[in-house]
Amino acid sequence: LYPHLATIVQGASHCLYRHVRKEVIETCCKRFSDRERLRKRTAELKRIAGGNAPDLPTRNVEGLNNTETFLHYDGVGREYLGRFLSGPRTEAKRHLLQSVGGIFPTNFYLFDRMRKHPTGNCQCGAAETMTHIQCWCPQLRCNRIQVHHEIWRGVCDSIVEATSQWCYLPEQEMGKRLPEAANGGAAADEWEAMRSALPSKLSKQRPDGLFIDWSSRTVVVGEFSRRMDRRPDECTEINTIKKTRYQALLDSLALHLTGWTVLWAPFSVGVHGTVIKQDWTAALAALGVPHDKWEPIMADAARRALDGHGAMLDGRRAAIDNNINISAGAGGNPPSSPSRSAPSTTTGRGRRNNPHTLNPHPLTGGRAPDTNAKRN
(Lines give C-alpha, C1' and ligand atoms only; values in the text may rest on other atoms or scores of the structure.)
Protein backbone atom coordinates (compact mmCIF):
# COMPACT_ATOMS: atom_id res chain seq x y z
CA LEU A 1 0.00 0.00 0.00
CA TYR A 2 2.74 2.48 0.90
CA PRO A 3 4.19 3.09 -2.62
CA HIS A 4 0.68 3.98 -3.78
CA LEU A 5 -0.32 6.09 -0.77
CA ALA A 6 0.65 9.41 -2.37
CA THR A 7 -1.24 8.49 -5.56
CA ILE A 8 -4.30 7.71 -3.47
CA VAL A 9 -4.05 11.05 -1.66
CA GLN A 10 -3.53 13.06 -4.83
CA GLY A 11 -5.84 11.26 -7.20
CA ALA A 12 -8.77 9.70 -5.38
CA SER A 13 -9.76 11.79 -2.40
CA HIS A 14 -13.25 10.30 -2.40
CA CYS A 15 -11.75 6.87 -1.66
CA LEU A 16 -9.31 8.02 1.03
CA TYR A 17 -11.41 6.96 3.95
CA ARG A 18 -11.39 3.35 2.78
CA HIS A 19 -7.59 3.26 2.54
CA VAL A 20 -6.05 5.73 4.96
CA ARG A 21 -6.53 4.55 8.50
CA LYS A 22 -4.50 4.71 11.66
CA GLU A 23 -2.90 1.31 11.07
CA VAL A 24 -1.92 2.11 7.47
CA ILE A 25 -0.12 5.35 8.25
CA GLU A 26 1.57 3.96 11.36
CA THR A 27 2.79 0.91 9.45
CA CYS A 28 4.00 2.99 6.51
CA CYS A 29 5.89 5.47 8.64
CA LYS A 30 7.58 2.86 10.82
CA ARG A 31 8.29 0.14 8.28
CA PHE A 32 9.63 2.19 5.42
CA SER A 33 11.79 4.70 7.34
CA ASP A 34 15.28 4.73 5.82
CA ARG A 35 17.17 6.24 8.74
CA GLU A 36 20.62 6.06 7.20
CA ARG A 37 19.47 8.03 4.17
CA LEU A 38 17.77 10.61 6.36
CA ARG A 39 20.95 11.21 8.34
CA LYS A 40 22.84 12.16 5.19
CA ARG A 41 20.37 14.98 4.57
CA THR A 42 20.93 16.78 7.88
CA ALA A 43 24.54 18.00 7.78
CA GLU A 44 23.61 21.66 7.36
CA LEU A 45 20.88 21.54 10.01
CA LYS A 46 23.24 19.85 12.49
CA ARG A 47 25.86 22.52 11.83
CA ILE A 48 23.34 25.31 12.52
CA ALA A 49 22.04 23.66 15.68
CA GLY A 50 25.50 22.83 17.05
CA GLY A 51 25.25 19.10 16.38
CA ASN A 52 22.17 18.58 18.55
CA ALA A 53 19.49 18.48 15.87
CA PRO A 54 17.45 15.33 15.24
CA ASP A 55 18.13 13.34 12.09
CA LEU A 56 15.64 14.95 9.72
CA PRO A 57 16.02 15.48 5.98
CA THR A 58 16.03 18.96 4.51
CA ARG A 59 14.64 17.86 1.15
CA ASN A 60 12.86 14.90 -0.42
CA VAL A 61 14.22 11.44 0.13
CA GLU A 62 15.55 10.06 -3.14
CA GLY A 63 12.86 8.28 -5.13
CA LEU A 64 9.92 9.63 -3.13
CA ASN A 65 7.60 12.47 -4.02
CA ASN A 66 6.54 15.24 -1.62
CA THR A 67 3.66 13.36 -0.02
CA GLU A 68 5.60 10.12 0.37
CA THR A 69 8.51 12.03 1.88
CA PHE A 70 6.17 13.78 4.33
CA LEU A 71 4.78 10.43 5.52
CA HIS A 72 8.25 8.87 5.52
CA TYR A 73 9.72 10.90 8.39
CA ASP A 74 10.40 9.02 11.59
CA GLY A 75 10.04 10.31 15.15
CA VAL A 76 7.72 13.20 14.28
CA GLY A 77 4.35 11.83 15.37
CA ARG A 78 2.87 10.60 12.10
CA GLU A 79 0.90 8.09 14.18
CA TYR A 80 -1.03 11.05 15.63
CA LEU A 81 -2.04 12.03 12.12
CA GLY A 82 -3.24 8.49 11.43
CA ARG A 83 -5.18 8.43 14.68
CA PHE A 84 -6.86 11.73 13.81
CA LEU A 85 -7.86 10.50 10.35
CA SER A 86 -9.43 7.30 11.63
CA GLY A 87 -13.10 7.27 12.47
CA PRO A 88 -16.07 8.93 10.81
CA ARG A 89 -15.56 10.95 7.65
CA THR A 90 -15.76 14.74 8.09
CA GLU A 91 -15.09 17.76 5.92
CA ALA A 92 -12.16 18.75 8.16
CA LYS A 93 -10.49 15.37 7.54
CA ARG A 94 -11.05 15.65 3.80
CA HIS A 95 -9.43 19.09 3.80
CA LEU A 96 -6.54 17.80 5.88
CA LEU A 97 -5.89 14.95 3.45
CA GLN A 98 -6.01 17.38 0.55
CA SER A 99 -3.50 19.56 2.37
CA VAL A 100 -1.16 16.62 3.07
CA GLY A 101 -1.38 15.63 -0.60
CA GLY A 102 -0.76 19.19 -1.78
CA ILE A 103 -4.07 19.41 -3.64
CA PHE A 104 -6.18 21.66 -1.43
CA PRO A 105 -7.75 24.21 -3.84
CA THR A 106 -6.10 27.39 -2.61
CA ASN A 107 -6.25 30.31 -5.00
CA PHE A 108 -2.62 29.80 -5.98
CA TYR A 109 -3.23 26.10 -6.67
CA LEU A 110 -6.23 26.96 -8.83
CA PHE A 111 -4.13 29.54 -10.70
CA ASP A 112 -0.92 27.56 -11.05
CA ARG A 113 -2.22 24.04 -11.65
CA MET A 114 -5.71 24.44 -13.06
CA ARG A 115 -5.83 27.96 -14.51
CA LYS A 116 -9.13 28.55 -12.73
CA HIS A 117 -8.19 31.68 -10.79
CA PRO A 118 -7.17 34.98 -12.39
CA THR A 119 -4.31 35.87 -10.01
CA GLY A 120 -3.78 33.16 -7.41
CA ASN A 121 -3.81 35.84 -4.72
CA CYS A 122 -5.55 36.04 -1.37
CA GLN A 123 -7.88 38.94 -0.54
CA CYS A 124 -4.94 40.51 1.30
CA GLY A 125 -2.95 40.64 -1.96
CA ALA A 126 -0.37 37.90 -1.33
CA ALA A 127 -0.22 34.54 -3.11
CA GLU A 128 -2.69 32.26 -1.35
CA THR A 129 -0.87 29.04 -0.54
CA MET A 130 -1.64 26.72 2.37
CA THR A 131 1.34 28.19 4.23
CA HIS A 132 -0.12 31.66 3.74
CA ILE A 133 -3.53 30.60 5.05
CA GLN A 134 -2.21 28.77 8.08
CA CYS A 135 0.67 31.01 9.12
CA TRP A 136 0.77 34.45 7.47
CA CYS A 137 -2.49 35.92 6.21
CA PRO A 138 -3.20 39.22 8.07
CA GLN A 139 -6.95 38.73 7.66
CA LEU A 140 -6.73 35.53 9.73
CA ARG A 141 -4.44 36.90 12.42
CA CYS A 142 -7.03 36.63 15.21
CA ASN A 143 -7.91 33.07 14.21
CA ARG A 144 -4.23 32.19 14.17
CA ILE A 145 -3.65 33.66 17.64
CA GLN A 146 -6.65 31.80 19.03
CA VAL A 147 -5.46 28.47 17.59
CA HIS A 148 -2.00 29.16 19.03
CA HIS A 149 -3.46 29.84 22.47
CA GLU A 150 -5.72 26.80 22.32
CA ILE A 151 -2.80 24.44 21.70
CA TRP A 152 -0.46 26.08 24.20
CA ARG A 153 -3.16 26.25 26.88
CA GLY A 154 -3.69 22.50 26.55
CA VAL A 155 0.05 21.80 26.83
CA CYS A 156 0.46 24.00 29.92
CA ASP A 157 -2.64 22.61 31.63
CA SER A 158 -1.26 19.10 31.14
CA ILE A 159 2.16 20.10 32.49
CA VAL A 160 0.72 21.77 35.59
CA GLU A 161 -1.60 18.82 36.19
CA ALA A 162 1.27 16.33 35.88
CA THR A 163 3.56 18.27 38.23
CA SER A 164 3.01 20.07 41.51
CA GLN A 165 5.95 22.43 41.97
CA TRP A 166 5.39 25.03 39.28
CA CYS A 167 3.94 28.49 39.57
CA TYR A 168 2.83 29.03 35.96
CA LEU A 169 2.68 32.58 34.58
CA PRO A 170 1.30 32.83 31.02
CA GLU A 171 2.69 35.64 28.86
CA GLN A 172 4.19 37.46 31.84
CA GLU A 173 5.97 40.63 30.74
CA MET A 174 9.38 40.45 32.35
CA GLY A 175 9.34 44.05 33.57
CA LYS A 176 5.98 43.82 35.35
CA ARG A 177 5.40 42.84 38.96
CA LEU A 178 4.32 39.30 39.63
CA PRO A 179 0.63 38.75 40.39
CA GLU A 180 -0.29 38.44 44.05
CA ALA A 181 -1.08 34.76 43.59
CA ALA A 182 2.59 34.12 42.75
CA ASN A 183 3.76 34.49 46.33
CA GLY A 184 7.15 32.86 46.72
CA GLY A 185 8.46 34.44 49.91
CA ALA A 186 12.16 35.29 49.88
CA ALA A 187 12.60 33.81 46.42
CA ALA A 188 9.92 36.16 45.10
CA ASP A 189 11.86 39.09 46.61
CA GLU A 190 14.92 37.96 44.68
CA TRP A 191 12.80 37.83 41.54
CA GLU A 192 11.61 41.40 42.10
CA ALA A 193 15.20 42.56 42.53
CA MET A 194 16.09 40.87 39.25
CA ARG A 195 13.12 42.47 37.53
CA SER A 196 14.20 45.97 38.48
CA ALA A 197 17.75 45.27 37.23
CA LEU A 198 16.70 44.08 33.76
CA PRO A 199 17.58 46.35 30.82
CA SER A 200 14.53 48.11 29.41
CA LYS A 201 14.64 46.13 26.16
CA LEU A 202 14.59 42.80 27.98
CA SER A 203 11.94 43.94 30.44
CA LYS A 204 9.48 44.23 27.56
CA GLN A 205 9.92 40.63 26.43
CA ARG A 206 6.98 38.35 27.09
CA PRO A 207 7.62 34.62 26.75
CA ASP A 208 4.65 32.35 26.18
CA GLY A 209 5.06 30.92 29.66
CA LEU A 210 7.21 31.15 32.79
CA PHE A 211 7.39 28.15 35.10
CA ILE A 212 8.82 29.08 38.49
CA ASP A 213 9.62 26.69 41.34
CA TRP A 214 10.14 28.93 44.37
CA SER A 215 11.35 26.16 46.67
CA SER A 216 14.21 25.02 44.41
CA ARG A 217 14.73 28.48 42.86
CA THR A 218 14.25 27.23 39.30
CA VAL A 219 12.75 29.14 36.39
CA VAL A 220 11.92 27.60 33.02
CA VAL A 221 11.25 29.93 30.10
CA GLY A 222 8.73 28.22 27.82
CA GLU A 223 8.03 29.27 24.25
CA PHE A 224 5.54 27.75 21.82
CA SER A 225 5.45 27.92 18.02
CA ARG A 226 3.06 26.62 15.39
CA ARG A 227 4.70 26.17 12.01
CA MET A 228 4.08 24.85 8.53
CA ASP A 229 5.62 21.39 8.42
CA ARG A 230 6.07 20.17 4.90
CA ARG A 231 9.61 19.62 6.19
CA PRO A 232 9.64 18.79 9.92
CA ASP A 233 13.01 20.48 10.32
CA GLU A 234 11.06 23.74 10.05
CA CYS A 235 9.88 23.08 13.61
CA THR A 236 13.48 22.61 14.73
CA GLU A 237 14.53 25.77 12.93
CA ILE A 238 11.93 27.91 14.71
CA ASN A 239 13.16 26.56 18.05
CA THR A 240 16.67 27.72 17.12
CA ILE A 241 15.35 31.13 16.09
CA LYS A 242 13.39 31.52 19.32
CA LYS A 243 16.44 30.50 21.38
CA THR A 244 18.45 33.24 19.67
CA ARG A 245 15.70 35.77 20.35
CA TYR A 246 15.57 34.97 24.08
CA GLN A 247 19.26 34.22 24.67
CA ALA A 248 19.98 37.70 26.10
CA LEU A 249 17.08 37.31 28.54
CA LEU A 250 18.28 33.87 29.65
CA ASP A 251 21.78 35.22 30.20
CA SER A 252 20.44 38.17 32.19
CA LEU A 253 18.30 35.91 34.38
CA ALA A 254 21.29 33.70 35.11
CA LEU A 255 23.36 36.78 35.96
CA HIS A 256 20.90 38.47 38.33
CA LEU A 257 19.32 35.39 39.92
CA THR A 258 22.29 34.13 41.91
CA GLY A 259 21.85 30.54 42.97
CA TRP A 260 18.93 29.96 40.61
CA THR A 261 18.65 27.43 37.81
CA VAL A 262 17.54 28.97 34.50
CA LEU A 263 16.26 26.58 31.81
CA TRP A 264 14.89 26.92 28.29
CA ALA A 265 11.94 24.78 27.09
CA PRO A 266 10.87 25.30 23.46
CA PHE A 267 7.76 23.58 22.10
CA SER A 268 6.78 23.58 18.44
CA VAL A 269 4.07 21.76 16.54
CA GLY A 270 3.36 21.54 12.83
CA VAL A 271 0.17 22.53 11.05
CA HIS A 272 -0.26 18.87 10.00
CA GLY A 273 0.40 17.55 13.52
CA THR A 274 4.19 17.23 13.35
CA VAL A 275 5.71 16.84 16.82
CA ILE A 276 9.51 16.49 16.98
CA LYS A 277 9.56 13.98 19.80
CA GLN A 278 13.23 14.51 20.64
CA ASP A 279 12.65 18.22 21.27
CA TRP A 280 9.40 17.72 23.18
CA THR A 281 10.74 15.02 25.48
CA ALA A 282 13.77 17.19 26.32
CA ALA A 283 11.50 20.14 27.19
CA LEU A 284 9.11 17.99 29.23
CA ALA A 285 12.02 16.42 31.08
CA ALA A 286 13.34 19.90 31.95
CA LEU A 287 9.94 20.64 33.50
CA GLY A 288 9.99 17.46 35.54
CA VAL A 289 7.00 15.89 33.80
CA PRO A 290 6.83 12.13 34.53
CA HIS A 291 7.89 9.93 31.64
CA ASP A 292 4.52 8.21 31.37
CA LYS A 293 2.85 11.61 30.70
CA TRP A 294 5.03 12.56 27.74
CA GLU A 295 3.15 10.57 25.10
CA PRO A 296 -0.35 11.78 26.11
CA ILE A 297 0.82 15.42 26.15
CA MET A 298 2.39 15.14 22.68
CA ALA A 299 -0.64 13.33 21.29
CA ASP A 300 -3.00 15.98 22.67
CA ALA A 301 -0.89 18.80 21.22
CA ALA A 302 -0.92 17.13 17.80
CA ARG A 303 -4.69 16.64 17.97
CA ARG A 304 -5.23 20.29 18.86
CA ALA A 305 -2.94 21.34 16.01
CA LEU A 306 -4.94 19.23 13.55
CA ASP A 307 -8.17 20.75 14.87
CA GLY A 308 -6.52 24.13 14.35
CA HIS A 309 -5.85 23.26 10.70
CA GLY A 310 -9.60 23.00 10.15
CA ALA A 311 -10.22 26.10 12.26
CA MET A 312 -8.01 28.21 10.00
CA LEU A 313 -9.75 26.94 6.87
CA ASP A 314 -13.13 27.73 8.43
CA GLY A 315 -11.86 31.22 9.22
CA ARG A 316 -10.74 31.62 5.61
CA ARG A 317 -14.15 30.56 4.34
CA ALA A 318 -15.88 33.00 6.71
CA ALA A 319 -13.62 35.85 5.60
CA ILE A 320 -14.36 35.10 1.93
CA ASP A 321 -18.13 34.83 2.56
CA ASN A 322 -18.10 38.01 4.59
CA ASN A 323 -16.37 39.90 1.81
CA ILE A 324 -18.84 38.56 -0.78
CA ASN A 325 -21.81 39.58 1.39
CA ILE A 326 -20.45 43.07 1.82
CA SER A 327 -19.88 43.41 -1.91
CA ALA A 328 -23.45 42.24 -2.58
CA GLY A 329 -24.77 44.76 -0.07
CA ALA A 330 -23.08 47.51 -2.05
CA GLY A 331 -24.79 46.49 -5.27
CA GLY A 332 -22.11 44.01 -6.29
CA ASN A 333 -19.26 46.52 -6.21
CA PRO A 334 -16.95 46.75 -3.21
CA PRO A 335 -16.43 50.28 -1.89
CA SER A 336 -13.56 52.07 -3.59
CA SER A 337 -12.71 54.23 -0.59
CA PRO A 338 -13.29 54.16 3.14
CA SER A 339 -16.68 55.40 4.25
CA ARG A 340 -18.67 55.71 7.43
CA SER A 341 -20.60 52.55 6.61
CA ALA A 342 -17.47 50.58 5.72
CA PRO A 343 -14.73 51.67 8.09
CA SER A 344 -11.18 50.59 7.46
CA THR A 345 -8.45 50.00 9.95
CA THR A 346 -4.79 50.86 9.81
CA THR A 347 -1.95 49.18 11.62
CA GLY A 348 0.68 51.06 13.56
CA ARG A 349 2.88 51.08 10.48
CA GLY A 350 0.23 52.60 8.27
CA ARG A 351 -0.70 49.44 6.37
CA ARG A 352 -4.39 49.23 5.64
CA ASN A 353 -6.10 46.01 6.66
CA ASN A 354 -9.27 44.46 5.37
CA PRO A 355 -11.99 45.57 7.82
CA HIS A 356 -13.98 42.40 7.26
CA THR A 357 -11.80 40.11 9.32
CA LEU A 358 -12.36 36.94 11.05
CA ASN A 359 -15.11 34.66 11.94
CA PRO A 360 -13.44 32.69 14.72
CA HIS A 361 -13.85 28.94 14.62
CA PRO A 362 -16.13 27.29 17.21
CA LEU A 363 -12.97 25.73 18.60
CA THR A 364 -12.11 29.10 20.11
CA GLY A 365 -15.49 30.81 20.28
CA GLY A 366 -16.73 34.20 19.16
CA ARG A 367 -18.24 35.45 15.95
CA ALA A 368 -17.47 38.03 13.33
CA PRO A 369 -19.12 41.46 13.41
CA ASP A 370 -22.30 41.80 11.38
CA THR A 371 -20.99 44.31 8.88
CA ASN A 372 -24.10 44.00 6.70
CA ALA A 373 -26.24 45.23 9.58
CA LYS A 374 -23.87 48.14 10.09
CA ARG A 375 -24.13 49.03 6.40
CA ASN A 376 -27.92 48.96 6.53
# chains A, B, ... in the order shown; residues from 1 in each chain; ligands from 1
>>> residues_around(residues="Val76 in chain A", least_positions_apart="2", cutoff="7 Å", atoms="only C-alpha atoms", output="ChimeraX atom specification")
/A:73-74,78,274-277
>>> closest_atom_pairs(of="range 66-175 of chain A", to="range 224-236 of chain A", cutoff="8 Å", atoms="only C-alpha atoms", output="CSV")
residue,atom,partner,partner_atom,distance
A:Phe70,CA,A:Arg230,CA,6.4
A:Val76,CA,A:Pro232,CA,7.3
A:Thr131,CA,A:Met228,CA,6.1
A:Gln134,CA,A:Met228,CA,7.4
A:Cys135,CA,A:Arg227,CA,6.9
A:His148,CA,A:Arg226,CA,6.7
A:Trp152,CA,A:Phe224,CA,6.7
>>> closest_residue(among="A:Ser203, A:Ser252, A:Ser158, A:Thr261", to="Asp300 in chain A", atoms="only C-alpha atoms")
A:Ser158
>>> closest_residue(among="A:Trp191, A:Leu96, A:Gln139, A:Gln172", to="Asn322 in chain A", atoms="only C-alpha atoms")
A:Gln139
>>> residues_around(residues="Thr258 in chain A", least_positions_apart="4", cutoff="10 Å", atoms="only C-alpha atoms", output="ChimeraX atom specification")
/A:190,194,217,253-254
>>> residues_around(residues="range 308-310 of chain A", least_positions_apart="2", cutoff="7 Å", atoms="only C-alpha atoms", output="MDAnalysis selection string")
chainID A and resid 92 147 271 304:306 312:314
>>> atom_distance(atom1="CA of Ile159 in chain A", atom2="CA of Leu287 in chain A")
7.9 Å
>>> atom_distance(atom1="CA of Asn183 in chain A", atom2="CA of Gln247 in chain A")
26.6 Å
>>> select_by_dssp(residues="range 221-336 of chain A", states="strand (DSSP E)", output="count of residues only")
17
>>> atom_distance(atom1="CA of Met114 in chain A", atom2="CA of Phe84 in chain A")
29.7 Å
>>> closest_residue(among="A:Asn143, A:Ser99, A:Asn107, A:Thr69", to="Ala318 in chain A", atoms="only C-alpha atoms")
A:Asn143
>>> residues_around(residues="Tyr80 in chain A", least_positions_apart="5", cutoff="7 Å", atoms="only C-alpha atoms", output="ChimeraX atom specification")
/A:273,299,302
>>> write_last_selection(atoms="N, CA, C and O atoms", output="PDB file, in the first residue's frame")
ATOM      1  N   GLY A 273       0.243  18.402  12.355  1.00  0.00           N
ATOM      2  CA  GLY A 273       0.398  17.547  13.516  1.00  0.00           C
ATOM      3  C   GLY A 273       1.807  17.046  13.772  1.00  0.00           C
ATOM      4  O   GLY A 273       1.991  16.127  14.581  1.00  0.00           O
ATOM      5  N   ALA A 299       0.516  13.719  22.097  1.00  0.00           N
ATOM      6  CA  ALA A 299      -0.641  13.329  21.287  1.00  0.00           C
ATOM      7  C   ALA A 299      -1.739  14.388  21.350  1.00  0.00           C
ATOM      8  O   ALA A 299      -2.374  14.701  20.338  1.00  0.00           O
ATOM      9  N   ALA A 302      -0.741  17.408  19.226  1.00  0.00           N
ATOM     10  CA  ALA A 302      -0.923  17.127  17.802  1.00  0.00           C
ATOM     11  C   ALA A 302      -2.398  17.178  17.419  1.00  0.00           C
ATOM     12  O   ALA A 302      -2.766  17.720  16.365  1.00  0.00           O
TER      13      ALA A 302
END
>>> closest_residue(among="A:Val219, A:Thr129, A:Arg115, A:Trp136", to="Leu257 in chain A", atoms="only C-alpha atoms")
A:Val219
>>> select_by_dssp(residues="range 263-314 of chain A", states="alpha helix (DSSP H)", output="PyMOL selection string")
chain A and resi 277-286+291-314
